[in-house]
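Here is the structure we will look at.
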Amino acid sequence: MPICGGRRVAAVESMKASTLGRAVMQVLLLTMVLVGFTSSEAWPFTSFHLFSRTRGRFVDEWVAVTVDTFGVEARLRFLDLPLEFHNSELRLKRFGEFTIHQRNSICDEWIAAMPRRTLISPPSERTQFLRIYQIRRDVASNESTVRALRYECGAHAP
């Protein structure tokens, strides 16, 4: 078997592979374009919506605040809670969808999960309940324009 013949076979196989690669790429690009124009949401093709949502001038933000026995408020940082509570901000955004009983239960879980510190009394023992505020923020100036109390929850909520 001559060496020249082997090179020719490898070149033919290489052309077949590149032709197959081009065909796969063309089908993939055509699928992406069609899904984009038909506005369908067929995963993994998402009509190019991944980062294309426009924001309005104002953005609503939800904040959980602890209230202690003296009425002093402190922002609840979910990253200070155990790992299973780190995504609680997603729950906070849907807080209005829950019943009063569910909201109180969620708040009690957050209060119970608060870290214990070695001060005079731990924050979780001083914390009586939580307040949930809706803050409207101006995107251009990054200043909060409205802070509205939406919920008070927890076992000792008024």
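Every chain in the structure tokens takes a letter, A first, then B, and so on in the order presented; its residues are numbered from 1, and the ligands are numbered from 1 following the presented order.
Contact shell of stretch 74-90 of chain A at 8 Å (only C-alpha atoms; same-chain neighbours under 2 positions omitted): A:Trp62, A:Val63, A:Ala64, A:Val65, A:Thr66, A:Val67, A:Val72, A:Leu92, A:Lys93, A:Arg94, A:Trp110, A:Ala113, A:Met114, A:Pro115.
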Using only C-alpha atoms, please write the residues we just selected to a file, as a PDB file, in the first residue's frame.
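The result, stored in again_12.pdb:
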```pdb
ATOM      1  CA  TRP A  62     -38.091  43.292  48.203  1.00  0.00           C
ATOM      2  CA  VAL A  63     -36.264  43.522  51.530  1.00  0.00           C
ATOM      3  CA  ALA A  64     -36.702  41.527  54.736  1.00  0.00           C
ATOM      4  CA  VAL A  65     -35.958  43.447  57.948  1.00  0.00           C
ATOM      5  CA  THR A  66     -35.684  42.009  61.461  1.00  0.00           C
ATOM      6  CA  VAL A  67     -37.414  43.844  64.314  1.00  0.00           C
ATOM      7  CA  VAL A  72     -34.936  48.441  66.124  1.00  0.00           C
ATOM      8  CA  LEU A  92     -39.300  36.940  48.990  1.00  0.00           C
ATOM      9  CA  LYS A  93     -40.247  38.172  45.505  1.00  0.00           C
ATOM     10  CA  ARG A  94     -43.265  35.806  45.527  1.00  0.00           C
ATOM     11  CA  TRP A 110     -35.736  32.613  58.733  1.00  0.00           C
ATOM     12  CA  ALA A 113     -31.975  30.111  61.129  1.00  0.00           C
ATOM     13  CA  MET A 114     -30.361  33.427  62.069  1.00  0.00           C
ATOM     14  CA  PRO A 115     -26.783  32.953  63.259  1.00  0.00           C
TER      15      PRO A 115
END
```
| Members of stretch 121-155 of chain A assigned helix (DSSP H, G or I) by DSSP, as an MDAnalysis selection string | chainID A and resid 123:126
| query | When you draw a straight line from atom CA of A:Ile111 to atom CA of A:Glu152, how long is it in Å? | reply |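 For atom CA of A:Ile111 relative to atom CA of A:Glu152, the distance reads 12.8 Å.
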| message | What's the separation between atom CA of A:Arg136 and atom CA of A:Ser105, in Å to one decimal place? | response |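 Atom CA of A:Ser105 lies at a distance of 26.2 Å from atom CA of A:Arg136.
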| query | How far is it from atom CA of A:Cys107 to atom CA of A:Leu130, in Å with one decimal? | reply | 6.6 Å
| field | 12 Å contact set for A:Glu61, only C-alpha atoms, chain neighbours under 4 positions out, as a list in words | value | Glu89, Leu90, Leu92, Lys93, Arg94, Ile132, Tyr133, Gln134, Ile135, Arg136, Arg137, Asp138, Val139, Asn142, Glu143, Ser144, Thr145, Val146, Arg147, Ala148 and Arg150 of chain A
| said: So, with only C-alpha atoms as the atoms that count, which of A:Thr38, A:Thr31, A:Phe98, A:Gln128 lies closest to A:Pro158? | reply: A:Gln128
